Amino acid sequence: MSSSTPKPLQILNIVSILMFIISLGLVFFYAPREAVMGEAQRIFYYHVPSAWLSFVAFGVTLIAGIAYLRTSDHRWDRLGIASVEVGIVFAVMALLSGMLWARPIWNTWWTWDPRLTTYTILLLIYFAYLMLRQGIEDPDKRARFGSVYGIVGFISVPITYFSIYLWRTIHPAVFGRNESETKMSMEPQMLQTFIFCNIFFMVVFVTLLWHRFRLESNTARVEELRMKASNA
Amino acid sequence: MKSYLQAILAIAHKDLAAEIRSRELVSAMLVFSLLVVLIFNFALDLDKSARENVAAGVLWVTFTFAGTLGLNRTFAAEKDRGSLDGLLLAPVDRTAIYFGKLISTLVFMLLVEAVVLPVFTVLYGISLFNILLFGVILLGTFGYGGVGTLLACMAAQTRTRDVMLPILLFPVTVPVMLGAVRASTGILANAEWGEILTWINILVVYDVIFVAVAVMVFDYLIEE
């Protein structure tokens, strides 16, 4: 295990920064002003990707959890915890950007819309995941419990995702079946910006996940060395 | 198969016998749930129409709080007495422990609910004696107990155990609670059958998923 940053990760760092700058240009200068919502609509280019990537992150935790329970390989558990933390960051970004958008559009920071409520509860599940891990000292048990909770927690994702169809909600849906009134029509420039931002967020997600995974691996290694030193 | 069922029943029987002798848990759950019902009434300052609107919600919050009280003890008591190791030594499939604990938890919760329902009917002036509502209560309690038993086993083995359980349990059971509250509200308001059925479907689906997942992962929680 080398301590220097691997080459591909260094490249990802630079690509992320470049894409961030380009995305700012696209969002603020290239994409046209939306007719109904005005400037506030521009938040959407960051809001949507961070929201769906938070689902992806928790999905990675689910898969890592299953893989850990099957193989008992701690690398899977490190991937699981790394993905939860990155997922929480993305989810918080989605929530905050949503609130900033809701203030001018819905005229309130917060509303008890099912989509908002279920999403926030989802976020709390993963806070609970972190607290659970903090409460267990034995690394094997911590990994097993974390994996199990990562699996059980993800079960409530579908209800969050489909909440938009189960209730009459005021949250706009970009894709899929929904009343046409809340569906926004996208200009080609808007669509291009949107697609770019999605790719940008995917790159950032992979970059952050990789960094966090490496941090977790290094922490485990330090722990191991400390154990060895105290035994010697 | 027969011995598996016997193992489940033996564990449930052990818990129930212990409870019949001590009467600690169910009485505590009962007093606690009556308190919740009363506190809700003056905390929300309910008049007649408000009471009808919130009845289902208050009912389910009461059941879940009382349930947490019971769930906290199911594995913590075994751990304190050191009897969990004994259970683990028994030559039966580990999931038998899960089902045994699930049955005893369900019996405790249903007992409490059986007392709370008539009291609630009297205090809130809303008749809850509806066979459909009983069905929803059964389904909701089953789903809550199903995932609760799994997470109680987990929480009992952490440093801050009693504090940990509600934090782990409440957000995860939201789908079940949602289905249960919406279906109950619909039934009490005489809503259209189609609308009620949607929520009952969600409830059934989540009950099945939660218990199936719990059975699959339970082994990993008690391996020493």
# chains A, B, ... in the order shown; residues from 1 in each chain; ligands from 1
call {"tool": "select_by_dssp", "arguments": {"residues": "region 17-107 of chain A", "states": "alpha helix (DSSP H)", "output": "MDAnalysis selection string"}}
result
chainID A and resid 17:25 44:71 74:105
call {"tool": "residues_around", "arguments": {"residues": "region 115-131 of chain A", "least_positions_apart": "5", "cutoff": "8 Å", "atoms": "only C-alpha atoms", "output": "short mmCIF file (atom, residue, chain, number, x, y, z; two decimals) with N, CA, C and O atoms, in the first residue's frame"}}
result
data_model
loop_
_atom_site.label_atom_id
_atom_site.label_comp_id
_atom_site.auth_asym_id
_atom_site.auth_seq_id
_atom_site.Cartn_x
_atom_site.Cartn_y
_atom_site.Cartn_z
N VAL A 84 -21.15 6.18 2.49
CA VAL A 84 -22.16 6.83 3.34
C VAL A 84 -21.78 8.29 3.56
O VAL A 84 -22.61 9.20 3.42
N ILE A 88 -23.86 11.47 2.38
CA ILE A 88 -24.42 12.47 3.28
C ILE A 88 -24.09 13.88 2.78
O ILE A 88 -24.94 14.77 2.78
N ALA A 91 -26.33 14.58 -0.09
CA ALA A 91 -27.72 14.74 0.34
C ALA A 91 -27.93 16.10 1.00
O ALA A 91 -28.94 16.77 0.78
N VAL A 92 -26.95 16.51 1.82
CA VAL A 92 -27.06 17.82 2.47
C VAL A 92 -27.03 18.93 1.41
O VAL A 92 -27.80 19.90 1.48
N LEU A 95 -30.41 19.03 -0.17
CA LEU A 95 -31.40 19.66 0.71
C LEU A 95 -31.23 21.18 0.76
O LEU A 95 -32.20 21.93 0.59
N GLY A 146 -22.48 -2.41 10.62
CA GLY A 146 -22.59 -1.36 9.61
C GLY A 146 -23.17 -1.90 8.32
O GLY A 146 -24.06 -1.30 7.73
N TYR A 149 -26.90 -2.62 8.77
CA TYR A 149 -27.72 -1.41 8.80
C TYR A 149 -27.73 -0.71 7.44
O TYR A 149 -28.74 -0.12 7.05
N GLY A 150 -26.63 -0.80 6.72
CA GLY A 150 -26.59 -0.25 5.37
C GLY A 150 -27.60 -0.93 4.46
O GLY A 150 -28.18 -0.31 3.58
N GLY A 153 -31.26 -0.04 5.97
CA GLY A 153 -31.57 1.36 5.74
C GLY A 153 -31.98 1.65 4.31
O GLY A 153 -32.86 2.47 4.05
N SER A 156 -35.75 1.67 2.66
CA SER A 156 -36.72 2.76 2.62
C SER A 156 -36.45 3.72 1.46
O SER A 156 -37.18 4.69 1.28
N VAL A 157 -35.41 3.47 0.68
CA VAL A 157 -35.15 4.35 -0.47
C VAL A 157 -36.28 4.34 -1.51
O VAL A 157 -36.71 5.40 -1.94
N ILE A 159 -39.39 4.05 -1.20
CA ILE A 159 -40.56 4.85 -0.80
C ILE A 159 -40.24 6.33 -0.92
O ILE A 159 -41.11 7.13 -1.25
N THR A 160 -38.97 6.69 -0.67
CA THR A 160 -38.58 8.08 -0.84
C THR A 160 -38.64 8.45 -2.31
O THR A 160 -39.16 9.49 -2.70
N TYR A 161 -38.12 7.54 -3.14
CA TYR A 161 -38.05 7.84 -4.56
C TYR A 161 -39.45 7.92 -5.18
O TYR A 161 -39.73 8.83 -5.96
N SER A 163 -42.23 8.46 -3.62
CA SER A 163 -43.18 9.30 -2.87
C SER A 163 -43.83 10.31 -3.80
O SER A 163 -44.97 10.71 -3.62
N ILE A 164 -43.11 10.68 -4.85
CA ILE A 164 -43.60 11.68 -5.78
C ILE A 164 -44.82 11.18 -6.54
O ILE A 164 -45.67 11.93 -6.98
N THR A 169 -47.92 15.68 -4.81
CA THR A 169 -46.82 16.45 -4.24
C THR A 169 -46.58 17.69 -5.09
O THR A 169 -46.94 17.72 -6.26
N HIS A 171 -43.48 18.87 -5.39
CA HIS A 171 -42.10 18.81 -5.86
C HIS A 171 -42.07 18.53 -7.37
O HIS A 171 -42.71 17.59 -7.82
N ILE B 167 -33.04 5.62 17.63
CA ILE B 167 -32.35 6.32 16.54
C ILE B 167 -32.21 5.41 15.33
O ILE B 167 -32.38 5.83 14.19
N LEU B 168 -31.90 4.15 15.58
CA LEU B 168 -31.78 3.20 14.48
C LEU B 168 -33.14 2.85 13.90
O LEU B 168 -33.31 2.71 12.70
N PRO B 171 -36.26 5.98 11.92
CA PRO B 171 -36.22 6.34 10.50
C PRO B 171 -36.45 5.16 9.57
O PRO B 171 -37.06 5.31 8.52
N VAL B 172 -35.97 3.97 9.97
CA VAL B 172 -36.11 2.81 9.09
C VAL B 172 -37.56 2.35 8.98
O VAL B 172 -38.00 1.88 7.93
#
call {"tool": "residues_around", "arguments": {"residues": "Gly65 (chain A)", "least_positions_apart": "4", "cutoff": "7 Å", "atoms": "only C-alpha atoms", "output": "PyMOL selection string"}}
result
chain A and resi 61+69+77+80+147-148+150-151
call {"tool": "write_last_selection", "arguments": {"atoms": "N, CA and C atoms", "output": "PDB file, in the first residue's frame"}}
result
ATOM      1  N   THR A  61     -23.272   1.674  -0.718  1.00  0.00           N
ATOM      2  CA  THR A  61     -23.163   1.149   0.641  1.00  0.00           C
ATOM      3  C   THR A  61     -23.925  -0.167   0.775  1.00  0.00           C
ATOM      4  N   LEU A  69     -20.615  -8.936   3.966  1.00  0.00           N
ATOM      5  CA  LEU A  69     -21.171 -10.065   4.712  1.00  0.00           C
ATOM      6  C   LEU A  69     -20.816 -11.388   4.031  1.00  0.00           C
ATOM      7  N   ASP A  77     -16.071  -3.058   3.590  1.00  0.00           N
ATOM      8  CA  ASP A  77     -16.629  -2.242   4.659  1.00  0.00           C
ATOM      9  C   ASP A  77     -16.123  -0.806   4.568  1.00  0.00           C
ATOM     10  N   GLY A  80     -18.064   0.908   2.063  1.00  0.00           N
ATOM     11  CA  GLY A  80     -19.406   1.210   2.584  1.00  0.00           C
ATOM     12  C   GLY A  80     -19.429   2.496   3.389  1.00  0.00           C
ATOM     13  N   SER A 147     -22.688  -3.065   7.914  1.00  0.00           N
ATOM     14  CA  SER A 147     -23.186  -3.670   6.676  1.00  0.00           C
ATOM     15  C   SER A 147     -24.679  -3.966   6.786  1.00  0.00           C
ATOM     16  N   VAL A 148     -25.075  -4.572   7.918  1.00  0.00           N
ATOM     17  CA  VAL A 148     -26.488  -4.923   8.091  1.00  0.00           C
ATOM     18  C   VAL A 148     -27.349  -3.657   8.064  1.00  0.00           C
ATOM     19  N   GLY A 150     -26.626  -0.805   6.724  1.00  0.00           N
ATOM     20  CA  GLY A 150     -26.590  -0.253   5.372  1.00  0.00           C
ATOM     21  C   GLY A 150     -27.600  -0.935   4.464  1.00  0.00           C
ATOM     22  N   ILE A 151     -27.820  -2.239   4.692  1.00  0.00           N
ATOM     23  CA  ILE A 151     -28.800  -2.981   3.893  1.00  0.00           C
ATOM     24  C   ILE A 151     -30.224  -2.615   4.328  1.00  0.00           C
TER      25      ILE A 151
END
call {"tool": "residues_around", "arguments": {"residues": "Ser72 (chain A)", "least_positions_apart": "2", "cutoff": "12 Å", "atoms": "only C-alpha atoms", "output": "PDB file with N, CA and C atoms, in the first residue's frame"}}
result
ATOM      1  N   ALA A  64     -21.851  -2.782  -1.015  1.00  0.00           N
ATOM      2  CA  ALA A  64     -20.651  -3.056  -0.223  1.00  0.00           C
ATOM      3  C   ALA A  64     -21.017  -3.860   1.019  1.00  0.00           C
ATOM      4  N   GLY A  65     -22.183  -3.568   1.601  1.00  0.00           N
ATOM      5  CA  GLY A  65     -22.635  -4.300   2.793  1.00  0.00           C
ATOM      6  C   GLY A  65     -22.860  -5.767   2.484  1.00  0.00           C
ATOM      7  N   ILE A  66     -23.558  -6.029   1.383  1.00  0.00           N
ATOM      8  CA  ILE A  66     -23.812  -7.416   0.984  1.00  0.00           C
ATOM      9  C   ILE A  66     -22.478  -8.121   0.715  1.00  0.00           C
ATOM     10  N   ALA A  67     -21.595  -7.411  -0.013  1.00  0.00           N
ATOM     11  CA  ALA A  67     -20.303  -8.016  -0.363  1.00  0.00           C
ATOM     12  C   ALA A  67     -19.487  -8.297   0.898  1.00  0.00           C
ATOM     13  N   TYR A  68     -19.543  -7.371   1.882  1.00  0.00           N
ATOM     14  CA  TYR A  68     -18.770  -7.605   3.106  1.00  0.00           C
ATOM     15  C   TYR A  68     -19.283  -8.832   3.846  1.00  0.00           C
ATOM     16  N   LEU A  69     -20.615  -8.936   3.966  1.00  0.00           N
ATOM     17  CA  LEU A  69     -21.171 -10.065   4.712  1.00  0.00           C
ATOM     18  C   LEU A  69     -20.816 -11.388   4.031  1.00  0.00           C
ATOM     19  N   ARG A  70     -20.696 -11.377   2.717  1.00  0.00           N
ATOM     20  CA  ARG A  70     -20.377 -12.612   1.990  1.00  0.00           C
ATOM     21  C   ARG A  70     -18.895 -12.956   2.079  1.00  0.00           C
ATOM     22  N   HIS A  74     -12.436  -6.610   4.622  1.00  0.00           N
ATOM     23  CA  HIS A  74     -12.664  -5.282   5.202  1.00  0.00           C
ATOM     24  C   HIS A  74     -12.648  -4.150   4.190  1.00  0.00           C
ATOM     25  N   ARG A  75     -12.077  -4.427   3.008  1.00  0.00           N
ATOM     26  CA  ARG A  75     -12.072  -3.357   2.004  1.00  0.00           C
ATOM     27  C   ARG A  75     -13.507  -2.972   1.613  1.00  0.00           C
ATOM     28  N   TRP A  76     -14.398  -3.967   1.589  1.00  0.00           N
ATOM     29  CA  TRP A  76     -15.807  -3.672   1.271  1.00  0.00           C
ATOM     30  C   TRP A  76     -16.415  -2.775   2.328  1.00  0.00           C
ATOM     31  N   ASP A  77     -16.071  -3.058   3.590  1.00  0.00           N
ATOM     32  CA  ASP A  77     -16.629  -2.242   4.659  1.00  0.00           C
ATOM     33  C   ASP A  77     -16.123  -0.806   4.568  1.00  0.00           C
ATOM     34  N   ARG A  78     -14.850  -0.659   4.179  1.00  0.00           N
ATOM     35  CA  ARG A  78     -14.292   0.704   4.027  1.00  0.00           C
ATOM     36  C   ARG A  78     -15.018   1.431   2.912  1.00  0.00           C
ATOM     37  N   PRO A 139     -13.627  -3.980  15.660  1.00  0.00           N
ATOM     38  CA  PRO A 139     -13.724  -3.642  14.228  1.00  0.00           C
ATOM     39  C   PRO A 139     -14.554  -4.632  13.409  1.00  0.00           C
ATOM     40  N   ASP A 140     -14.465  -5.922  13.730  1.00  0.00           N
ATOM     41  CA  ASP A 140     -15.249  -6.899  12.970  1.00  0.00           C
ATOM     42  C   ASP A 140     -16.739  -6.696  13.188  1.00  0.00           C
ATOM     43  N   LYS A 141     -17.095  -6.501  14.451  1.00  0.00           N
ATOM     44  CA  LYS A 141     -18.511  -6.301  14.773  1.00  0.00           C
ATOM     45  C   LYS A 141     -19.007  -4.998  14.152  1.00  0.00           C
ATOM     46  N   ARG A 142     -18.160  -3.964  14.199  1.00  0.00           N
ATOM     47  CA  ARG A 142     -18.532  -2.680  13.630  1.00  0.00           C
ATOM     48  C   ARG A 142     -18.825  -2.833  12.137  1.00  0.00           C
ATOM     49  N   ALA A 143     -17.964  -3.601  11.466  1.00  0.00           N
ATOM     50  CA  ALA A 143     -18.158  -3.806  10.033  1.00  0.00           C
ATOM     51  C   ALA A 143     -19.428  -4.603   9.759  1.00  0.00           C
ATOM     52  N   ARG A 144     -19.666  -5.637  10.548  1.00  0.00           N
ATOM     53  CA  ARG A 144     -20.865  -6.464  10.321  1.00  0.00           C
ATOM     54  C   ARG A 144     -22.133  -5.654  10.566  1.00  0.00           C
ATOM     55  N   SER A 147     -22.688  -3.065   7.914  1.00  0.00           N
ATOM     56  CA  SER A 147     -23.186  -3.670   6.676  1.00  0.00           C
ATOM     57  C   SER A 147     -24.679  -3.966   6.786  1.00  0.00           C
TER      58      SER A 147
ATOM     59  N   TYR B 220     -25.589 -12.653  11.185  1.00  0.00           N
ATOM     60  CA  TYR B 220     -24.379 -11.835  11.283  1.00  0.00           C
ATOM     61  C   TYR B 220     -24.351 -10.978  12.540  1.00  0.00           C
TER      62      TYR B 220
END
call {"tool": "interface_residues", "arguments": {"of": "chain B", "to": "chain A", "cutoff": "10 Å", "atoms": "only C-alpha atoms", "output": "VMD selection string"}}
result
chain B and resid 147 150 to 151 154 to 155 157 to 161 164 to 176 178 198 to 199 202 206 209 to 210 213 to 214 216 to 218 220 to 224
call {"tool": "residues_around", "arguments": {"residues": "Ser97 (chain A)", "least_positions_apart": "3", "cutoff": "12 Å", "atoms": "only C-alpha atoms", "output": "list in words"}}
result
Ala40, Gln41, Arg42, Ile43, Phe44, Tyr45, Tyr46, His47, Val48, Pro49, Ser50, Ala51, Phe90, Ala91, Val92, Met93, Ala94, Leu100, Trp101, Ala102, Arg103, Trp109 and Trp110 of chain A
call {"tool": "write_last_selection", "arguments": {"atoms": "C-alpha atoms", "output": "PDB file, in the first residue's frame"}}
result
ATOM      1  CA  ALA A  40     -33.581  30.508  -9.221  1.00  0.00           C
ATOM      2  CA  GLN A  41     -33.997  27.683 -11.706  1.00  0.00           C
ATOM      3  CA  ARG A  42     -30.211  27.577 -12.188  1.00  0.00           C
ATOM      4  CA  ILE A  43     -29.900  25.821  -8.817  1.00  0.00           C
ATOM      5  CA  PHE A  44     -31.516  22.830 -10.468  1.00  0.00           C
ATOM      6  CA  TYR A  45     -28.302  22.002 -12.382  1.00  0.00           C
ATOM      7  CA  TYR A  46     -26.581  21.262  -9.071  1.00  0.00           C
ATOM      8  CA  HIS A  47     -29.596  20.157  -7.082  1.00  0.00           C
ATOM      9  CA  VAL A  48     -30.688  17.239  -9.252  1.00  0.00           C
ATOM     10  CA  PRO A  49     -27.279  15.569  -9.703  1.00  0.00           C
ATOM     11  CA  SER A  50     -26.413  15.849  -6.013  1.00  0.00           C
ATOM     12  CA  ALA A  51     -29.789  14.349  -5.116  1.00  0.00           C
ATOM     13  CA  PHE A  90     -24.404  15.095  -1.462  1.00  0.00           C
ATOM     14  CA  ALA A  91     -27.724  14.745   0.339  1.00  0.00           C
ATOM     15  CA  VAL A  92     -27.059  17.818   2.469  1.00  0.00           C
ATOM     16  CA  MET A  93     -26.131  19.731  -0.689  1.00  0.00           C
ATOM     17  CA  ALA A  94     -29.369  18.600  -2.333  1.00  0.00           C
ATOM     18  CA  LEU A 100     -32.543  28.018  -1.540  1.00  0.00           C
ATOM     19  CA  TRP A 101     -34.694  27.294  -4.569  1.00  0.00           C
ATOM     20  CA  ALA A 102     -37.891  26.886  -2.553  1.00  0.00           C
ATOM     21  CA  ARG A 103     -37.557  30.278  -0.845  1.00  0.00           C
ATOM     22  CA  TRP A 109     -37.634  27.529   3.097  1.00  0.00           C
ATOM     23  CA  TRP A 110     -39.348  24.372   4.049  1.00  0.00           C
TER      24      TRP A 110
END
call {"tool": "closest_residue", "arguments": {"among": "A:Ile199, A:Leu9, A:Met190, A:Leu53", "to": "Phe213 (chain A)", "atoms": "only C-alpha atoms"}}
result
A:Leu9
call {"tool": "residues_around", "arguments": {"residues": "Arg182 (chain B)", "least_positions_apart": "6", "cutoff": "9 Å", "atoms": "only C-alpha atoms", "output": "PyMOL selection string"}}
result
chain B and resi 56-57+196+199-200
call {"tool": "atom_distance", "arguments": {"atom1": "CA of Asn72 (chain B)", "atom2": "CA of Ala156 (chain B)"}}
result
7.5 Å
call {"tool": "atom_distance", "arguments": {"atom1": "CA of Val115 (chain B)", "atom2": "CA of Ile137 (chain B)"}}
result
13.3 Å
call {"tool": "residues_around", "arguments": {"residues": "Met202 (chain A)", "least_positions_apart": "4", "cutoff": "10 Å", "atoms": "only C-alpha atoms", "output": "list in words"}}
result
Ser16, Pro49, Ser50, Leu53, Val56, Phe196, Cys197, Asn198, Val206, Thr207 and Leu208 of chain A
call {"tool": "atom_distance", "arguments": {"atom1": "CA of Ser83 (chain A)", "atom2": "CA of Ala57 (chain A)"}}
result
5.2 Å
